[in-house]
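A.B. asks: Before I ask anything, here is the structure I am working with.
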Amino acid sequence: MAPLALRRLAVLTALCTLLLIVAGALVTSNDASLAISDWPLSWGKLVPPMEGGIRYAFAHRVAAAAVAGLVVILAVWQQAREPRAWVRRLGWAAVSAVLAQAALGGAVVRFIDPKLFSIAHACLAQICFGLTVAIMVGHFPCLPAAPASAGPSLFAATGLFLQTILGAAVRHNAITAVPHIAGAVIATALAMWASLQVLMHHMENAPLRRAATLLLALTFSQVFLGLAAYAALAATAGDPQPMPVMIWATVAHVAVGSLAFGAAIALAMMVFRHDEPARPDLARGGMAVA
């Protein structure tokens with residue numbers, strides 16, 4: 001089992017990555033993507049004047065720097081203290097994802113917000129969040145092996161991730177909402193399949209039951225928030241600037257979608273994982289003594 005401080009850092013990193021996604025959604029929803037026209041500086045300064053959309057764009061950059069620092073610290077700490085190779089690899093994968101996301105963020109500014117870079121930037125944020133969730137789950141005590149397949153949960157996580165790609169494409173006006181709505185039907189069905197499989201076969205397993213129930217609740221909340229965001233966007237389409245009701249409905253939709261994606265990853269790991277000793281060398285020594 002990981003040291004308590006390392007486990008807490010993993011939880012903090014996942015939480016801050018989610019807040020970074022929320023900050024990015026605020027930038028997009030407030031039409032502030034190009035409020036700062038240079039990178040890595042902000043209008044040639046470390047701290048620009050906090051006016052209009054600049055405050056959203058700058059807060060997003062500060063949050064990105066904080067998350068990058070946390071991810072690097074977590075990876076280095078795991079390299080030193082974590083005996084399981086797969087957890088260490090997840091840490092370095094998260095470092096690669098967050099650095100690539102930073103590079104894409106700079107490309108978005110340098111190339112005047114091209115849609116492809118903006119969509120890829122949003123998708124990399126979700127990948128980074130998924131990796132930090134996987135690391136976080138990996139640092140908690142293992143559940144007893146469950147006689148169930150992780151396949152449905154992996155399919156659900158994949159479907160929910162693809163929904164984030166479609167959602168990002170809609171937000172950046174690359175596609176219409178129709179593919180995103182069709183994808184929502186498929187992703188919801190996959191999440192229901194994964195959750196109900198666990199609930200029907202493992203109701204006695206409280207951690208699995210709670211994880212499956214959480215995935216269901218987040219998925220259906222995401223559907224209702226998506227409808228609310230679409231209605232708010234349609235109602236404020238003629239307004240000269242983004243209205244608060246549209247902004248917060250969209251941001252909530254993005255945040256809960258990320259949480260649903262993370263819940264699917266957590267459920268898949270909980271179903272798949274088996275008990276393993278925190279110190280294999282000590283475990284071998286103990287068996288040898290016995």
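Residues are named by chain letter and number: chains run A, B, ... in the order of the structure tokens, numbers start at 1 in each chain, and ligands are numbered from 1 in the order shown.
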How close does each residue of stretch 86-195 of chain A get to stretch 55-68 of chain A, giving the shortest atom pair and distance in Å to one decimal for every residue with an atom at most 8 Å away, counting only C-alpha atoms, sorted by chain and residue number, as a tab-separated table?
C.D. replies:
residue	atom	partner	partner_atom	distance
A:Val95	CA	A:Ala68	CA	7.3
A:Val98	CA	A:Ala68	CA	6.1
A:Leu99	CA	A:Ala68	CA	7.3
A:Ala102	CA	A:Ala64	CA	7.5
A.B. asks: Find the spatial neighbours of stretch 222-233 of chain A, counting only C-alpha atoms, within a cut-off of 10 Å - ignore same-chain residues fewer than 3 positions away - and output them as a PyMOL selection string.
C.D. replies: chain A and resi 167+177+180-181+184-185+188+216-219+236-239+242-260
A.B. asks: Which residues are close to A:Phe117, i.e. within 12 Å by only C-alpha atoms, leaving aside same-chain residues fewer than 4 positions away? Reply as a short mmCIF file (atom, residue, chain, number, x, y, z; two decimals) with C-alpha atoms, in the first residue's frame.
C.D. replies:
data_model
loop_
_atom_site.label_atom_id
_atom_site.label_comp_id
_atom_site.auth_asym_id
_atom_site.auth_seq_id
_atom_site.Cartn_x
_atom_site.Cartn_y
_atom_site.Cartn_z
CA ALA A 100 1.62 17.68 -24.53
CA GLN A 101 -1.48 19.54 -23.37
CA ALA A 102 0.64 22.58 -22.46
CA ALA A 103 2.29 22.50 -25.88
CA LEU A 104 -1.10 22.32 -27.57
CA GLY A 105 -2.33 25.21 -25.44
CA GLY A 106 0.55 27.28 -26.73
CA ALA A 107 -0.18 26.15 -30.30
CA VAL A 108 -3.80 27.27 -29.94
CA VAL A 109 -2.59 30.81 -29.18
CA ARG A 110 0.23 30.84 -31.74
CA PHE A 111 -2.00 29.64 -34.55
CA ILE A 112 -4.96 31.86 -33.63
CA ASP A 113 -7.17 29.17 -32.12
CA HIS A 121 -6.24 20.28 -26.23
CA ALA A 122 -9.61 19.51 -24.60
CA CYS A 123 -9.24 15.78 -25.27
CA LEU A 124 -5.75 15.66 -23.78
CA ILE A 165 -14.26 14.62 -28.22
CA ALA A 168 -15.30 19.66 -27.65
CA ALA A 169 -16.00 19.69 -31.40
CA HIS A 172 -15.57 24.90 -30.95
CA ALA A 174 -16.45 22.14 -35.71
#
A.B. asks: Find the residue from A:Leu70, A:Ala80, A:Leu26, A:Cys128 that sits nearest to A:Ala97; use only C-alpha atoms when measuring.
C.D. replies: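 The shortest atom-to-atom distance to A:Ala97 comes from A:Cys128.
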A.B. asks: Measuring between only C-alpha atoms, which one of A:Met203, A:Ala264, A:Ile54, A:Ala125 shows the shortest distance to A:Val22?
C.D. replies: A:Ala125
